[in-house]
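Visitor: Pasting a structure here, questions to come.
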Amino acid sequence: MDPFWALGHVFAALFGLIIGSFLNVCILRWPEDRSVIAPRSHCPRCGTTLGVADLVPVLSWVVLRGKCRHCEAPVSGQYALIELLGMFLSLLTFRRFVPTPHLLDLPHFAAWLVFYSFMCMLVIAIYVDIRHRIIPDEVTIYATPVAIGMMGTLEWLGYDGWGGIGLKQSLIGATVGGVGLAIAALVTAFLLRREGLGWGDVKLLGLIGAFVGPIPVIFAVLLLGSVLGSVTGLAHLAITRRRSLLPFGASLAPAAMLWVLYGDLFFPLFFPGLALRYGVG
Ligand SMILES: [Zn+2]
């Protein structure tokens, strides 16, 4: 294995663990409108501020055997799981955007960072939507201009691989996703005389559009998201006999993840004969 490429994998894994530990803070604090920077993390039972040794991703949880160092209060395994998820998604995204050793250059490395940040926003959207039935503005409406800026930067760096849709397509995608779903929300609200789609979902599809562009956002993400939503909804109905469907946003987000990682594989299955015209690496 090429040594620099191997080093890239190690870096992606460690970076993913650190980001995963930051994701834990975001999914805990953003739904309550608390800052993710201050105050420092502390044990919810004894209130001791956690030090560096308590906060090493995964390792601290394993070494301390899932307990607070001071009062032995149990620490949820969810923290370590989210950290592992952060690492796993970082590696998958790295392999997607830096697929071969000779592509380990600045544009491809930047593309990995951009799309990994997208993955992290989607993880937060899924978790918070399922748990609290809201999607934080931090990963939708505030993140959308940042996303458009990042896509513009990739274009400026000369990135031409998978997902490199450029500034114009990013702008159109955000508009199509956001405005398109807003119209759908208004129409369903008028026809059903109740709110069918939440504004959080509308804002989330705007963000997804900014990252993937208008064509996947309409066809692939909406279609796949509806399929995922229906399948999990029916499974939930069969298991619990209750009709509590997965939130729509929490179905759109994994569809967008699948698009980023494997879009070129499943696009021809949905639309045989229709070629993806841009952003194919
Ligand atoms: Zn404690």
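The way I read the labels, and the way they are meant: chains A, B, ... in the order of the structure tokens, residue 1 as the first residue of every chain, and ligand 1 as the first ligand shown, with later ones counted on from there.
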Using only C-alpha atoms, find each residue in segment 163-266 of chain A having at least one atom no more than 10 Å away from segment 131-136 of chain A; report its shortest atom-to-atom pair and that distance in Å (one decimal), rows by chain then rising number, as a tab-separated table.
Guide:
```
residue	atom	partner	partner_atom	distance
A:Gly198	CA	A:Ile134	CA	8.5
A:Trp199	CA	A:Ile135	CA	9.0
A:Gly200	CA	A:Ile135	CA	5.4
A:Asp201	CA	A:Ile135	CA	7.5
A:Lys203	CA	A:Ile135	CA	8.8
A:Leu204	CA	A:Ile135	CA	7.8
A:Leu246	CA	A:Arg133	CA	9.5
A:Pro247	CA	A:Arg133	CA	7.0
A:Phe248	CA	A:Arg133	CA	9.8
A:Gly249	CA	A:Ile135	CA	7.7
A:Ala250	CA	A:Ile135	CA	9.0
```
Visitor: Using only C-alpha atoms, determine which residues lie at most 6 Å from segment 255-266 of chain A, disregarding the query and same-chain residues fewer than 3 positions distant; provide the list as JSON, numbers by chain.
Guide: {"A": [221, 224, 225, 252, 269]}
Visitor: Those selected residues, please, written with C-alpha atoms and delivered as an mmCIF file, in the first residue's frame.
Guide:
```cif
data_model
loop_
_atom_site.group_PDB
_atom_site.id
_atom_site.type_symbol
_atom_site.label_atom_id
_atom_site.label_comp_id
_atom_site.auth_asym_id
_atom_site.auth_seq_id
_atom_site.Cartn_x
_atom_site.Cartn_y
_atom_site.Cartn_z
ATOM 1 C CA VAL A 221 -33.002 11.850 -2.757
ATOM 2 C CA LEU A 224 -35.134 7.139 -2.095
ATOM 3 C CA GLY A 225 -36.126 9.128 0.987
ATOM 4 C CA LEU A 252 -34.262 12.271 3.514
ATOM 5 C CA LEU A 269 -31.332 1.490 -11.419
#
```
Visitor: Check every protein, DNA and RNA residue against ligand 1, keep those with an atom at most 9 Å away (counting only C-alpha atoms and all ligand atoms), and present them as a list in words.
Guide: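 For ligand 1, the residues inside 9 Å are His42, Cys43, Pro44, Arg45, Cys46, Gly47, Thr48, Thr49, Leu50, Lys67, Cys68, Arg69, His70, Cys71, Glu72, Ala73, Pro74 and Val75 of chain A.
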Visitor: Could you tell me how far atom CA of Ala110 of chain A lies from atom CA of Trp156 of chain A, in Å and to one decimal?
Guide: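 So the answer is 11.3 Å.
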Visitor: For Pro57 of chain A, find every residue with an atom within 10 Å (counting only C-alpha atoms), except residues of its own chain fewer than 2 positions away, and show them as JSON, numbers by chain.
Guide: {"A": [14, 16, 17, 18, 19, 20, 21, 22, 53, 54, 55, 59, 60, 61, 62, 79, 80, 81, 82, 83, 84]}
Visitor: Could the residues in this selection be saved with N, CA and C atoms as an mmCIF file, in the first residue's frame?
Guide:
```
data_model
loop_
_atom_site.group_PDB
_atom_site.id
_atom_site.type_symbol
_atom_site.label_atom_id
_atom_site.label_comp_id
_atom_site.auth_asym_id
_atom_site.auth_seq_id
_atom_site.Cartn_x
_atom_site.Cartn_y
_atom_site.Cartn_z
ATOM 1 N N LEU A 14 -8.634 8.985 12.696
ATOM 2 C CA LEU A 14 -8.457 9.773 13.926
ATOM 3 C C LEU A 14 -9.309 11.040 13.885
ATOM 4 N N GLY A 16 -12.027 11.449 12.238
ATOM 5 C CA GLY A 16 -13.422 11.035 12.399
ATOM 6 C C GLY A 16 -13.795 10.793 13.853
ATOM 7 N N LEU A 17 -12.866 10.224 14.638
ATOM 8 C CA LEU A 17 -13.131 9.988 16.065
ATOM 9 C C LEU A 17 -13.303 11.305 16.815
ATOM 10 N N ILE A 18 -12.439 12.278 16.507
ATOM 11 C CA ILE A 18 -12.509 13.579 17.189
ATOM 12 C C ILE A 18 -13.812 14.303 16.807
ATOM 13 N N ILE A 19 -14.129 14.287 15.498
ATOM 14 C CA ILE A 19 -15.375 14.922 15.050
ATOM 15 C C ILE A 19 -16.574 14.203 15.666
ATOM 16 N N GLY A 20 -16.490 12.864 15.767
ATOM 17 C CA GLY A 20 -17.573 12.100 16.384
ATOM 18 C C GLY A 20 -17.829 12.544 17.810
ATOM 19 N N SER A 21 -16.756 12.857 18.530
ATOM 20 C CA SER A 21 -16.940 13.289 19.908
ATOM 21 C C SER A 21 -17.558 14.689 19.958
ATOM 22 N N PHE A 22 -17.265 15.520 18.944
ATOM 23 C CA PHE A 22 -17.919 16.830 18.843
ATOM 24 C C PHE A 22 -19.403 16.672 18.463
ATOM 25 N N ALA A 53 -8.254 13.147 29.862
ATOM 26 C CA ALA A 53 -8.224 11.695 29.982
ATOM 27 C C ALA A 53 -9.629 11.083 29.948
ATOM 28 N N ASP A 54 -10.671 11.882 30.298
ATOM 29 C CA ASP A 54 -12.045 11.367 30.261
ATOM 30 C C ASP A 54 -12.645 11.484 28.868
ATOM 31 N N LEU A 55 -11.982 12.259 27.998
ATOM 32 C CA LEU A 55 -12.618 12.638 26.733
ATOM 33 C C LEU A 55 -11.940 12.038 25.505
ATOM 34 N N LEU A 59 -11.779 5.238 23.630
ATOM 35 C CA LEU A 59 -10.817 4.658 24.562
ATOM 36 C C LEU A 59 -11.169 4.957 26.025
ATOM 37 N N SER A 60 -11.525 6.225 26.334
ATOM 38 C CA SER A 60 -11.880 6.592 27.709
ATOM 39 C C SER A 60 -13.058 5.761 28.190
ATOM 40 N N TRP A 61 -14.048 5.614 27.313
ATOM 41 C CA TRP A 61 -15.258 4.878 27.689
ATOM 42 C C TRP A 61 -14.908 3.417 27.999
ATOM 43 N N VAL A 62 -14.013 2.839 27.186
ATOM 44 C CA VAL A 62 -13.616 1.448 27.393
ATOM 45 C C VAL A 62 -12.784 1.308 28.666
ATOM 46 N N TYR A 79 -22.239 7.564 23.500
ATOM 47 C CA TYR A 79 -21.124 8.458 23.176
ATOM 48 C C TYR A 79 -20.092 7.732 22.316
ATOM 49 N N ALA A 80 -19.699 6.529 22.773
ATOM 50 C CA ALA A 80 -18.684 5.768 22.037
ATOM 51 C C ALA A 80 -19.220 5.353 20.665
ATOM 52 N N LEU A 81 -20.528 5.012 20.596
ATOM 53 C CA LEU A 81 -21.110 4.591 19.317
ATOM 54 C C LEU A 81 -21.097 5.730 18.297
ATOM 55 N N ILE A 82 -21.460 6.946 18.745
ATOM 56 C CA ILE A 82 -21.451 8.099 17.828
ATOM 57 C C ILE A 82 -20.019 8.390 17.377
ATOM 58 N N GLU A 83 -19.041 8.223 18.294
ATOM 59 C CA GLU A 83 -17.631 8.446 17.926
ATOM 60 C C GLU A 83 -17.189 7.430 16.867
ATOM 61 N N LEU A 84 -17.604 6.163 17.051
ATOM 62 C CA LEU A 84 -17.268 5.135 16.058
ATOM 63 C C LEU A 84 -17.955 5.427 14.721
#
```
